[in-house]
Structures are given as structure tokens and as C-alpha cells.
>>> print(open('data24.csv').read())   # CSV, C-alpha atoms
chain,number,residue,atom,x,y,z
A,1350,MET,CA,97.5,80.6,3.5
A,1351,THR,CA,95.7,79.5,6.6
A,1352,ASP,CA,92.9,76.9,6.5
A,1353,ALA,CA,90.4,79.7,7.5
A,1354,ILE,CA,91.4,81.9,4.6
A,1355,ALA,CA,91.7,78.9,2.2
A,1356,ASP,CA,88.0,78.3,2.9
A,1357,TYR,CA,87.2,81.8,1.8
A,1358,ALA,CA,88.6,81.0,-1.7
A,1359,ALA,CA,85.1,79.6,-2.4
A,1360,TRP,CA,83.8,83.2,-2.3
A,1361,ILE,CA,86.1,84.3,-5.1
A,1362,GLY,CA,84.0,84.6,-8.2
A,1363,ARG,CA,80.7,84.8,-6.2
A,1364,SER,CA,78.4,87.3,-7.8
A,1365,GLU,CA,75.2,89.2,-7.2
A,1366,ILE,CA,72.9,91.4,-9.3
A,1367,THR,CA,70.9,94.3,-7.9
A,1368,ASP,CA,68.3,96.3,-9.9
A,1369,ASP,CA,67.2,99.8,-9.0
A,1370,GLU,CA,64.8,102.3,-10.5
A,1371,LEU,CA,67.0,105.2,-9.6
A,1372,ALA,CA,64.2,107.2,-8.1
A,1373,LEU,CA,64.4,110.9,-7.7
A,1374,ALA,CA,63.9,111.0,-3.9
A,1375,PRO,CA,67.4,109.7,-2.9
A,1376,ALA,CA,69.1,112.3,-5.2
A,1377,LEU,CA,67.0,115.1,-3.6
A,1378,ALA,CA,67.9,113.8,-0.1
A,1379,ALA,CA,71.6,113.6,-1.0
A,1380,ALA,CA,71.5,117.2,-2.3
A,1381,ALA,CA,69.9,118.4,0.9
A,1382,THR,CA,72.5,116.4,3.0
A,1383,LEU,CA,75.4,117.9,1.0
A,1384,ASP,CA,74.0,121.4,1.0
A,1385,ASP,CA,73.7,121.4,-2.8
A,1386,THR,CA,71.1,124.1,-3.4
A,1387,THR,CA,72.1,124.9,-7.0
A,1388,THR,CA,71.9,121.6,-9.0
A,1389,ARG,CA,68.4,120.9,-10.3
A,1390,PHE,CA,67.4,117.3,-10.2
A,1391,ALA,CA,64.5,115.7,-12.1
A,1392,LYS,CA,63.7,112.5,-13.9
A,1393,GLY,CA,66.3,112.1,-16.6
A,1394,SER,CA,68.9,114.2,-14.8
A,1395,PRO,CA,72.4,112.7,-14.6
A,1396,LEU,CA,73.6,111.5,-11.2
A,1397,PRO,CA,76.7,113.3,-10.1
A,1398,PRO,CA,79.8,111.0,-9.7
A,1399,LEU,CA,79.7,108.7,-6.6
A,1400,TRP,CA,76.0,109.3,-6.1
A,1401,HIS,CA,75.3,105.8,-7.3
A,1402,TRP,CA,76.3,104.9,-3.7
A,1403,PHE,CA,72.8,106.1,-2.7
A,1404,TYR,CA,71.2,103.4,-4.8
A,1405,PHE,CA,71.6,99.6,-5.2
A,1406,LEU,CA,71.6,99.3,-1.4
A,1407,PRO,CA,71.6,96.0,0.6
A,1408,ARG,CA,68.4,95.6,2.6
A,1409,ALA,CA,69.2,93.0,5.3
A,1410,ALA,CA,66.3,92.3,7.6
A,1411,GLN,CA,66.6,93.7,11.1
A,1412,ALA,CA,67.0,90.2,12.5
A,1413,GLN,CA,70.0,89.7,10.3
A,1414,LEU,CA,72.0,92.6,11.6
A,1415,ASP,CA,75.0,91.9,13.8
A,1416,VAL,CA,75.8,93.7,17.1
A,1417,ASP,CA,77.8,96.4,15.3
A,1418,GLY,CA,74.9,97.1,12.9
A,1419,HIS,CA,76.4,95.4,9.9
A,1420,PRO,CA,74.6,92.6,8.2
A,1421,GLN,CA,75.7,89.3,9.7
A,1422,ARG,CA,78.7,87.7,7.9
A,1423,GLY,CA,78.1,85.2,5.1
A,1424,GLY,CA,76.0,85.5,2.0
A,1425,PHE,CA,77.6,87.5,-0.8
A,1426,MET,CA,80.6,88.6,1.4
A,1427,PRO,CA,82.8,86.0,3.1
A,1428,PRO,CA,82.2,85.4,6.8
A,1429,ILE,CA,85.6,86.8,7.9
A,1430,PRO,CA,85.5,87.0,11.7
A,1431,TYR,CA,87.5,90.2,12.4
A,1432,PRO,CA,85.1,92.7,14.0
A,1433,ARG,CA,86.2,95.9,12.4
A,1434,ARG,CA,85.0,96.4,8.8
A,1435,MET,CA,85.6,99.4,6.6
A,1436,PHE,CA,85.3,100.5,3.0
A,1437,ALA,CA,89.0,101.4,2.6
A,1438,GLY,CA,89.3,102.5,-1.0
A,1439,ALA,CA,88.1,102.2,-4.6
A,1440,ARG,CA,89.1,102.8,-8.2
A,1441,MET,CA,86.4,103.7,-10.7
A,1442,ARG,CA,85.8,104.8,-14.3
A,1443,PHE,CA,82.8,106.8,-15.4
A,1444,HIS,CA,81.9,106.0,-19.0
A,1445,ARG,CA,78.5,107.8,-19.0
A,1446,PRO,CA,76.2,109.1,-16.3
A,1447,LEU,CA,73.4,107.1,-14.8
A,1448,LEU,CA,70.1,108.9,-15.3
A,1449,ILE,CA,67.5,109.4,-12.6
A,1450,GLY,CA,64.2,107.7,-13.1
A,1451,GLN,CA,65.5,105.0,-15.4
A,1452,PRO,CA,66.0,101.3,-14.4
A,1453,ALA,CA,69.6,100.4,-13.8
A,1454,ARG,CA,71.5,97.2,-12.9
A,1455,ARG,CA,74.5,96.6,-10.6
A,1456,GLU,CA,76.6,93.5,-11.2
A,1457,ALA,CA,79.1,92.7,-8.5
A,1458,VAL,CA,81.7,89.9,-8.3
A,1459,ILE,CA,84.3,89.1,-5.6
A,1460,ARG,CA,87.7,89.3,-7.3
A,1461,ASN,CA,90.0,88.3,-4.4
A,1462,VAL,CA,90.3,87.5,-0.7
A,1463,ARG,CA,93.6,87.9,1.0
A,1464,GLN,CA,95.1,88.1,4.5
A,1465,LYS,CA,98.1,89.8,5.9
A,1466,SER,CA,99.5,90.8,9.3
A,1467,GLY,CA,100.3,94.4,10.1
A,1468,ARG,CA,101.4,96.4,13.1
A,1469,SER,CA,97.8,96.5,14.4
A,1470,GLY,CA,97.2,92.8,14.0
A,1471,SER,CA,95.7,90.6,11.3
A,1472,LEU,CA,93.8,92.0,8.4
A,1473,ALA,CA,91.8,90.6,5.5
A,1474,PHE,CA,91.1,92.3,2.2
A,1475,VAL,CA,88.2,91.6,-0.1
A,1476,SER,CA,88.2,93.1,-3.6
A,1477,VAL,CA,84.8,93.5,-5.2
A,1478,LEU,CA,84.3,94.5,-8.8
A,1479,CYS,CA,81.0,96.4,-9.5
A,1480,ARG,CA,79.7,97.3,-13.0
A,1481,PHE,CA,76.6,99.5,-13.4
A,1482,TYR,CA,74.5,99.3,-16.5
A,1483,GLN,CA,71.5,101.3,-17.9
A,1484,ASP,CA,69.8,100.2,-21.1
A,1485,ASP,CA,72.4,97.4,-21.1
A,1486,VAL,CA,75.1,100.0,-21.6
A,1487,LEU,CA,78.1,100.0,-19.2
A,1488,CYS,CA,78.1,103.3,-17.3
A,1489,ILE,CA,80.4,102.9,-14.3
A,1490,GLU,CA,83.1,100.4,-13.4
A,1491,GLU,CA,84.2,100.3,-9.7
A,1492,GLU,CA,86.6,98.1,-7.8
A,1493,GLN,CA,86.1,98.3,-4.1
A,1494,ASP,CA,88.6,97.4,-1.3
A,1495,ILE,CA,86.8,96.1,1.8
A,1496,VAL,CA,89.0,95.6,4.9
A,1497,TYR,CA,88.4,93.5,7.9
A,1498,ARG,CA,90.7,93.8,10.9
A,1499,GLU,CA,91.1,92.7,14.5
A,1500,PRO,CA,90.3,95.0,17.4
A,1501,GLY,CA,93.0,97.7,17.8
A,1502,PRO,CA,94.1,99.8,20.7
A,1503,VAL,CA,92.0,102.6,22.0
A,1504,LEU,CA,92.6,105.7,19.9
A,1505,ALA,CA,93.3,109.1,21.5
A,1506,ARG,CA,91.5,112.3,20.6
A,1507,PRO,CA,93.6,113.8,17.8
A,1508,PRO,CA,95.2,117.2,18.5
A,1509,VAL,CA,94.1,120.3,16.5
A,1510,ILE,CA,96.7,122.3,14.7
A,1511,GLU,CA,96.6,125.3,12.4
A,1512,TRP,CA,96.8,124.0,8.8
A,1513,PRO,CA,99.4,125.6,6.5
A,1514,PRO,CA,98.1,127.7,3.7
A,1515,VAL,CA,97.1,125.8,0.5
A,1516,GLU,CA,99.2,126.3,-2.5
A,1517,ASP,CA,98.2,128.9,-5.1
A,1518,GLY,CA,95.4,127.7,-7.4
A,1519,ALA,CA,94.3,125.0,-5.0
A,1520,TRP,CA,90.6,124.5,-4.1
A,1521,SER,CA,89.8,123.9,-0.5
A,1522,HIS,CA,86.9,123.6,1.8
A,1523,ILE,CA,86.5,123.2,5.6
A,1524,VAL,CA,84.0,120.5,6.7
A,1525,THR,CA,82.6,120.5,10.3
A,1526,PRO,CA,81.3,117.0,10.8
A,1527,ASP,CA,78.5,116.6,13.4
A,1528,PRO,CA,76.1,113.8,14.4
A,1529,LYS,CA,73.4,115.2,12.1
A,1530,LEU,CA,75.5,114.9,9.0
A,1531,LEU,CA,76.7,111.4,9.9
A,1532,PHE,CA,73.2,110.3,10.7
A,1533,ARG,CA,71.8,111.6,7.4
A,1534,PHE,CA,74.6,109.9,5.4
A,1535,SER,CA,74.0,106.7,7.2
A,1536,ALA,CA,70.3,107.0,6.3
A,1537,LEU,CA,71.1,107.8,2.7
A,1538,THR,CA,73.2,104.6,2.4
A,1539,PHE,CA,71.0,102.4,4.6
A,1540,ASN,CA,74.1,101.9,6.8
A,1541,ALA,CA,73.4,100.8,10.4
A,1542,HIS,CA,77.1,100.6,11.4
A,1543,ARG,CA,76.9,102.0,15.0
A,1544,ILE,CA,80.3,103.7,14.9
A,1545,HIS,CA,78.7,106.5,12.9
A,1546,TYR,CA,75.8,107.4,15.2
A,1547,ASP,CA,76.0,105.6,18.5
A,1548,ARG,CA,78.7,107.4,20.5
A,1549,PRO,CA,78.7,105.1,23.6
A,1550,TYR,CA,79.2,102.1,21.3
A,1551,ALA,CA,81.9,103.8,19.2
A,1552,VAL,CA,83.9,104.9,22.3
A,1553,GLU,CA,83.3,102.1,24.7
A,1554,GLU,CA,83.1,99.1,22.4
A,1555,GLU,CA,85.4,100.0,19.5
A,1556,GLY,CA,87.8,102.3,21.2
A,1557,TYR,CA,87.3,105.4,19.0
A,1558,PRO,CA,87.4,108.9,20.6
A,1559,GLY,CA,84.2,110.0,18.9
A,1560,LEU,CA,81.8,109.2,16.1
A,1561,VAL,CA,83.6,108.0,13.0
A,1562,VAL,CA,83.1,109.9,9.7
A,1563,HIS,CA,82.1,107.5,6.9
A,1564,GLY,CA,85.0,106.9,4.4
A,1565,PRO,CA,82.5,107.1,1.5
A,1566,LEU,CA,81.2,110.4,2.9
A,1567,THR,CA,84.7,111.8,2.8
A,1568,ALA,CA,85.2,110.5,-0.7
A,1569,VAL,CA,81.9,112.1,-1.8
A,1570,LEU,CA,82.9,115.4,-0.2
A,1571,LEU,CA,86.2,115.3,-2.1
A,1572,ILE,CA,84.6,114.8,-5.5
A,1573,GLU,CA,82.0,117.4,-4.7
A,1574,LEU,CA,84.8,119.9,-4.1
A,1575,LEU,CA,86.0,119.0,-7.6
A,1576,ARG,CA,82.5,119.1,-9.2
A,1577,LYS,CA,81.7,122.5,-7.7
A,1578,ASN,CA,84.9,124.1,-9.0
A,1579,SER,CA,85.3,122.4,-12.4
A,1580,ARG,CA,82.9,122.3,-15.3
A,1581,ARG,CA,84.7,119.3,-16.8
A,1582,PRO,CA,83.1,115.8,-16.1
A,1583,VAL,CA,85.1,113.3,-14.1
A,1584,ALA,CA,86.5,110.4,-16.2
A,1585,SER,CA,88.0,108.4,-13.4
A,1586,PHE,CA,88.4,108.6,-9.6
A,1587,SER,CA,90.3,106.6,-7.0
A,1588,PHE,CA,90.7,107.1,-3.3
A,1589,ARG,CA,92.4,105.4,-0.3
A,1590,GLY,CA,91.5,105.8,3.3
A,1591,LEU,CA,94.6,106.4,5.5
A,1592,ALA,CA,93.3,107.4,8.9
A,1593,PRO,CA,89.9,107.8,10.5
A,1594,LEU,CA,88.1,111.2,10.9
A,1595,PHE,CA,85.8,112.0,13.8
A,1596,ASP,CA,83.1,114.4,14.7
A,1597,LEU,CA,85.4,116.1,17.2
A,1598,ALA,CA,86.8,118.9,15.0
A,1599,PRO,CA,86.7,120.2,11.4
A,1600,PHE,CA,88.8,118.7,8.7
A,1601,ARG,CA,90.0,120.2,5.4
A,1602,LEU,CA,89.5,119.1,1.8
A,1603,VAL,CA,92.1,120.2,-0.8
A,1604,CYS,CA,92.2,119.7,-4.5
A,1605,VAL,CA,95.0,120.7,-6.9
A,1606,GLY,CA,96.1,119.8,-10.3
A,1607,LYS,CA,96.6,120.8,-14.0
A,1608,ASP,CA,95.8,119.4,-17.4
A,1609,GLY,CA,92.9,117.5,-16.0
A,1610,GLN,CA,95.0,115.4,-13.6
A,1611,MET,CA,93.8,116.2,-10.1
A,1612,SER,CA,95.1,115.3,-6.7
A,1613,LEU,CA,92.8,115.5,-3.7
A,1614,GLU,CA,93.2,114.9,0.0
A,1615,ALA,CA,91.2,115.2,3.3
A,1616,GLN,CA,93.4,116.6,6.0
A,1617,ALA,CA,92.6,115.7,9.6
A,1618,PRO,CA,92.6,118.3,12.4
A,1619,ASP,CA,96.1,117.2,13.4
A,1620,GLY,CA,97.4,117.7,9.8
A,1621,VAL,CA,97.5,114.0,9.0
A,1622,VAL,CA,96.2,113.0,5.5
A,1623,ALA,CA,93.1,111.0,6.3
A,1624,MET,CA,92.2,110.2,2.7
A,1625,SER,CA,94.1,110.6,-0.5
A,1626,ALA,CA,92.5,110.6,-3.9
A,1627,SER,CA,93.1,111.3,-7.6
A,1628,ALA,CA,90.8,112.2,-10.5
A,1629,GLU,CA,91.1,112.5,-14.2
A,1630,LEU,CA,88.9,115.0,-16.0
A,1631,MET,CA,87.4,114.5,-19.4
A,1632,PRO,CA,88.9,116.7,-22.1
A,1633,SER,CA,87.3,120.1,-22.4
>>> encode(input="data24.csv", output="C-alpha cells")
Amino acid sequence: MTDAIADYAAWIGRSEITDDELALAPALAAAATLDDTTTRFAKGSPLPPLWHWFYFLPRAAQAQLDVDGHPQRGGFMPPIPYPRRMFAGARMRFHRPLLIGQPARREAVIRNVRQKSGRSGSLAFVSVLCRFYQDDVLCIEEEQDIVYREPGPVLARPPVIEWPPVEDGAWSHIVTPDPKLLFRFSALTFNAHRIHYDRPYAVEEEGYPGLVVHGPLTAVLLIELLRKNSRRPVASFSFRGLAPLFDLAPFRLVCVGKDGQMSLEAQAPDGVVAMSASAELMPS
């Protein structure tokens, strides 16, 4: 362990509490962004799975934003200097839905900070455990993986292939990402990271071929595919980002499974699996 990372050990166990009234407006805005025209939301309605990401948002002052749009390092999260930051994956269990219009609380604690070297350079991983309560009852448990990495090589525009047919019984959906969708999702999550809406910055400063699709947006779209095709509530969900998606071509969502054990993935235009996920459905 290097001296720099050893210093970050002081962040392990650091915690923060965020309260939220779970107002109706963010749920309505999320439904509009996701083209959900059938679910009826009102005070007392349950939030769909993962929609808690539209609440409990950090609200750093404008003067506290870094050049990339993220809040400056330090505070709750450790001040790891690597410039590229991403929400790389999570594992969560849904005990009961959060209800719109009722006060709720998010308790977060940093579980671990670790560093390793990969083919693309040095990386640091921060594990954050979040618990969500309403009326002092635990509703959701979520462990997030936040990754910090050194600048990488310039990424080429991915080729576009014809996807193979999905297997019998699978659910699938084609998503055409565009700047409007990415901007609205950034607004929903109060995320000023410029790679999602500032094309010159994304291409010239961070070396991407286009605007980057948010990892959480891809995860939400995957679980929405499941929610729209199954009446059974989701008991648990986990995902892992494997490759970036861009606003340059459509990508495909696929879900398959049986006996309530579901496998999901987002397939990039070149056929690469950009995100893999799994879900367990509650008994019918």
C-alpha cells in the first residue's frame, strides 16, 4: 500500500446522512424522460426500483465543482487524484418500496478504499454502503463501486454490427441515445459531469469518441425492461459496467431468465457487452 492510499484509510468508516421528502416532481420528470406513459404516480405511490437515484442528491455549490463538472475531491469521498471517475457497479436488495411524498433518509458509509494497477494504468476503488429508511424501516440496501482511474488512450468510434437474434423467450429493447436523453438524465441526477453533455470536452479532453451514456442510466433502462415485462417485484439487482456506451449509435438491452432468476445485459453497437446485470424476482 502506497503512502497516498494509506492516507485514504482515514476515509474508511466515514459516513453521511441525507434526508429527502421524496417529492412527486422528480418521479414525474423521470417518467417523462424514460417514456413511461402508463404508470400513474401520486403521493403515496411506490417508487420503481432504482428511482431512488433521483433523490438524496449531492448539492455542491457551483464554486465547488471541478473542471470536469464533478464536485471537488475531499469531503465525504476521499481526494483520489485520478481524473476519470465512474459509477462502475452496485449490488442492492429491495426490502420494501420507498413511497412518494413521505420523508426518507439515506445513510451512507465508506466501506473500503483500495488501489490496483491494470492494463490502462492505476485505478482506485471506493466501496460505499447506502441504506435507505422510511418511518425508520429499512427499505433498500445498496453497495456502490466507485472507480477512479488515470487518463487512458483516445478511444476509437466503435463499429456497428448486426446483432444476432435474441434467444426464444428473451425480452429486448433497442435504445437510441441522444444528447437530449443524456442531458435530461444529468438533470434528474443533478450530475454536472461534462462527458455526458459537453461534446468538445468529452472528445478533446477525455478522449472519448462521443458523449458518454451514464452507467446509472443504462442500469435504469435494464431494470425498466424487466419492470415493463414482469409483474413480479424485484427483490435484488446487481450490475457491472464493462465498457462505455456513446451517443453515436443505438444499443440493445436483453433480459432472459426463469424461476425468477434473471440475467440482463446492454449490448454495444459492436456487439460488446457494455453492462451485465442480474436480478432476482420476488415469489409470485
>>> closest_residue(input="data24.csv", among="A:Glu1490, A:Asp1484, A:Asp1369, A:Asp1517", to="A:Ala1457", atoms="only C-alpha atoms")
A:Glu1490
>>> residues_near_point(input="data24.csv", point="(76.5, 96.5, 15.4)", cutoff="10 Å", atoms="all atoms listed in the file", output="NGL selection string")
:A and (1414-1421 or 1432 or 1541-1544 or 1547 or 1550-1551 or 1554)
>>> residues_around(input="data24.csv", residues="A:Leu1371", least_positions_apart="3", cutoff="7 Å", atoms="only C-alpha atoms", output="ChimeraX atom specification")
/A:1404,1449-1453
>>> write_last_selection(input="data24.csv", atoms="C-alpha atoms", output="mmCIF file, in the frame of the given file")
data_model
loop_
_atom_site.group_PDB
_atom_site.id
_atom_site.type_symbol
_atom_site.label_atom_id
_atom_site.label_comp_id
_atom_site.auth_asym_id
_atom_site.auth_seq_id
_atom_site.Cartn_x
_atom_site.Cartn_y
_atom_site.Cartn_z
ATOM 1 C CA TYR A 1404 71.200 103.400 -4.800
ATOM 2 C CA ILE A 1449 67.500 109.400 -12.600
ATOM 3 C CA GLY A 1450 64.200 107.700 -13.100
ATOM 4 C CA GLN A 1451 65.500 105.000 -15.400
ATOM 5 C CA PRO A 1452 66.000 101.300 -14.400
ATOM 6 C CA ALA A 1453 69.600 100.400 -13.800
#
>>> closest_residue(input="data24.csv", among="A:Glu1614, A:Glu1511, A:Asp1619, A:Asp1608", to="A:Pro1632", atoms="all atoms listed in the file")
A:Asp1608
>>> atom_distance(input="data24.csv", atom1="atom CA of A:Ala1410", atom2="atom CA of A:Thr1538")
15.0 Å
>>> residues_around(input="data24.csv", residues="A:Val1509", least_positions_apart="5", cutoff="10 Å", atoms="all atoms listed in the file", output="ChimeraX atom specification")
/A:1597-1600,1617-1620
>>> closest_residue(input="data24.csv", among="A:Ser1521, A:Tyr1431, A:Gly1470, A:Met1426", to="A:Lys1577", atoms="all atoms listed in the file")
A:Ser1521
>>> atom_distance(input="data24.csv", atom1="atom CA of A:Ile1495", atom2="atom CA of A:Ala1473")
8.3 Å
>>> residues_around(input="data24.csv", residues="A:Leu1383", least_positions_apart="5", cutoff="12 Å", atoms="all atoms listed in the file", output="PyMOL selection string")
chain A and resi 1376-1378+1388+1400+1524+1526+1529-1531+1533-1534+1537+1566-1567+1569-1574+1577
>>> atom_distance(input="data24.csv", atom1="atom CA of A:Phe1403", atom2="atom CA of A:Ile1459")
20.7 Å
>>> build_atoms(input="data24.csv", residues="stretch 1497-1514 of chain A", atoms="N, CA, C and O atoms", output="PDB file, in the coordinates of the input")
ATOM      1  N   TYR A1497      88.802  93.998   6.632  1.00  0.00           N
ATOM      2  CA  TYR A1497      88.400  93.500   7.900  1.00  0.00           C
ATOM      3  C   TYR A1497      89.627  93.411   8.803  1.00  0.00           C
ATOM      4  O   TYR A1497      90.689  92.956   8.355  1.00  0.00           O
ATOM      5  N   ARG A1498      89.502  93.840  10.058  1.00  0.00           N
ATOM      6  CA  ARG A1498      90.700  93.800  10.900  1.00  0.00           C
ATOM      7  C   ARG A1498      90.299  93.476  12.351  1.00  0.00           C
ATOM      8  O   ARG A1498      89.152  93.599  12.768  1.00  0.00           O
ATOM      9  N   GLU A1499      91.318  93.031  13.087  1.00  0.00           N
ATOM     10  CA  GLU A1499      91.100  92.700  14.500  1.00  0.00           C
ATOM     11  C   GLU A1499      90.929  93.971  15.309  1.00  0.00           C
ATOM     12  O   GLU A1499      91.274  95.067  14.855  1.00  0.00           O
ATOM     13  N   PRO A1500      90.379  93.843  16.521  1.00  0.00           N
ATOM     14  CA  PRO A1500      90.300  95.000  17.400  1.00  0.00           C
ATOM     15  C   PRO A1500      91.644  95.653  17.608  1.00  0.00           C
ATOM     16  O   PRO A1500      92.638  94.945  17.775  1.00  0.00           O
ATOM     17  N   GLY A1501      91.705  96.960  17.596  1.00  0.00           N
ATOM     18  CA  GLY A1501      93.000  97.700  17.800  1.00  0.00           C
ATOM     19  C   GLY A1501      92.973  98.360  19.160  1.00  0.00           C
ATOM     20  O   GLY A1501      92.015  98.289  19.936  1.00  0.00           O
ATOM     21  N   PRO A1502      94.058  99.070  19.450  1.00  0.00           N
ATOM     22  CA  PRO A1502      94.100  99.800  20.700  1.00  0.00           C
ATOM     23  C   PRO A1502      93.152 100.977  20.717  1.00  0.00           C
ATOM     24  O   PRO A1502      92.683 101.437  19.671  1.00  0.00           O
ATOM     25  N   VAL A1503      92.842 101.465  21.909  1.00  0.00           N
ATOM     26  CA  VAL A1503      92.000 102.600  22.000  1.00  0.00           C
ATOM     27  C   VAL A1503      92.702 103.835  21.389  1.00  0.00           C
ATOM     28  O   VAL A1503      93.904 104.057  21.590  1.00  0.00           O
ATOM     29  N   LEU A1504      91.986 104.587  20.585  1.00  0.00           N
ATOM     30  CA  LEU A1504      92.600 105.700  19.900  1.00  0.00           C
ATOM     31  C   LEU A1504      92.352 107.002  20.694  1.00  0.00           C
ATOM     32  O   LEU A1504      91.255 107.246  21.209  1.00  0.00           O
ATOM     33  N   ALA A1505      93.398 107.808  20.788  1.00  0.00           N
ATOM     34  CA  ALA A1505      93.300 109.100  21.500  1.00  0.00           C
ATOM     35  C   ALA A1505      92.636 110.127  20.662  1.00  0.00           C
ATOM     36  O   ALA A1505      92.644 110.063  19.429  1.00  0.00           O
ATOM     37  N   ARG A1506      92.069 111.111  21.334  1.00  0.00           N
ATOM     38  CA  ARG A1506      91.500 112.300  20.600  1.00  0.00           C
ATOM     39  C   ARG A1506      92.621 112.982  19.893  1.00  0.00           C
ATOM     40  O   ARG A1506      93.629 113.363  20.505  1.00  0.00           O
ATOM     41  N   PRO A1507      92.520 113.199  18.563  1.00  0.00           N
ATOM     42  CA  PRO A1507      93.600 113.800  17.800  1.00  0.00           C
ATOM     43  C   PRO A1507      93.753 115.309  18.221  1.00  0.00           C
ATOM     44  O   PRO A1507      92.750 115.991  18.475  1.00  0.00           O
ATOM     45  N   PRO A1508      94.993 115.818  18.280  1.00  0.00           N
ATOM     46  CA  PRO A1508      95.200 117.200  18.500  1.00  0.00           C
ATOM     47  C   PRO A1508      94.717 118.076  17.354  1.00  0.00           C
ATOM     48  O   PRO A1508      94.526 117.562  16.252  1.00  0.00           O
ATOM     49  N   VAL A1509      94.538 119.346  17.576  1.00  0.00           N
ATOM     50  CA  VAL A1509      94.100 120.300  16.500  1.00  0.00           C
ATOM     51  C   VAL A1509      95.249 121.256  16.275  1.00  0.00           C
ATOM     52  O   VAL A1509      95.777 121.865  17.219  1.00  0.00           O
ATOM     53  N   ILE A1510      95.657 121.393  15.018  1.00  0.00           N
ATOM     54  CA  ILE A1510      96.700 122.300  14.700  1.00  0.00           C
ATOM     55  C   ILE A1510      96.146 123.364  13.693  1.00  0.00           C
ATOM     56  O   ILE A1510      95.016 123.245  13.221  1.00  0.00           O
ATOM     57  N   GLU A1511      96.936 124.363  13.405  1.00  0.00           N
ATOM     58  CA  GLU A1511      96.600 125.300  12.400  1.00  0.00           C
ATOM     59  C   GLU A1511      97.147 124.829  11.047  1.00  0.00           C
ATOM     60  O   GLU A1511      98.367 124.681  10.914  1.00  0.00           O
ATOM     61  N   TRP A1512      96.284 124.547  10.098  1.00  0.00           N
ATOM     62  CA  TRP A1512      96.800 124.000   8.800  1.00  0.00           C
ATOM     63  C   TRP A1512      97.622 125.064   8.103  1.00  0.00           C
ATOM     64  O   TRP A1512      97.352 126.275   8.172  1.00  0.00           O
ATOM     65  N   PRO A1513      98.636 124.628   7.367  1.00  0.00           N
ATOM     66  CA  PRO A1513      99.400 125.600   6.500  1.00  0.00           C
ATOM     67  C   PRO A1513      98.538 126.068   5.390  1.00  0.00           C
ATOM     68  O   PRO A1513      97.563 125.405   4.998  1.00  0.00           O
ATOM     69  N   PRO A1514      98.852 127.218   4.817  1.00  0.00           N
ATOM     70  CA  PRO A1514      98.100 127.700   3.700  1.00  0.00           C
ATOM     71  C   PRO A1514      98.147 126.719   2.502  1.00  0.00           C
ATOM     72  O   PRO A1514      99.164 126.042   2.305  1.00  0.00           O
TER      73      PRO A1514
END
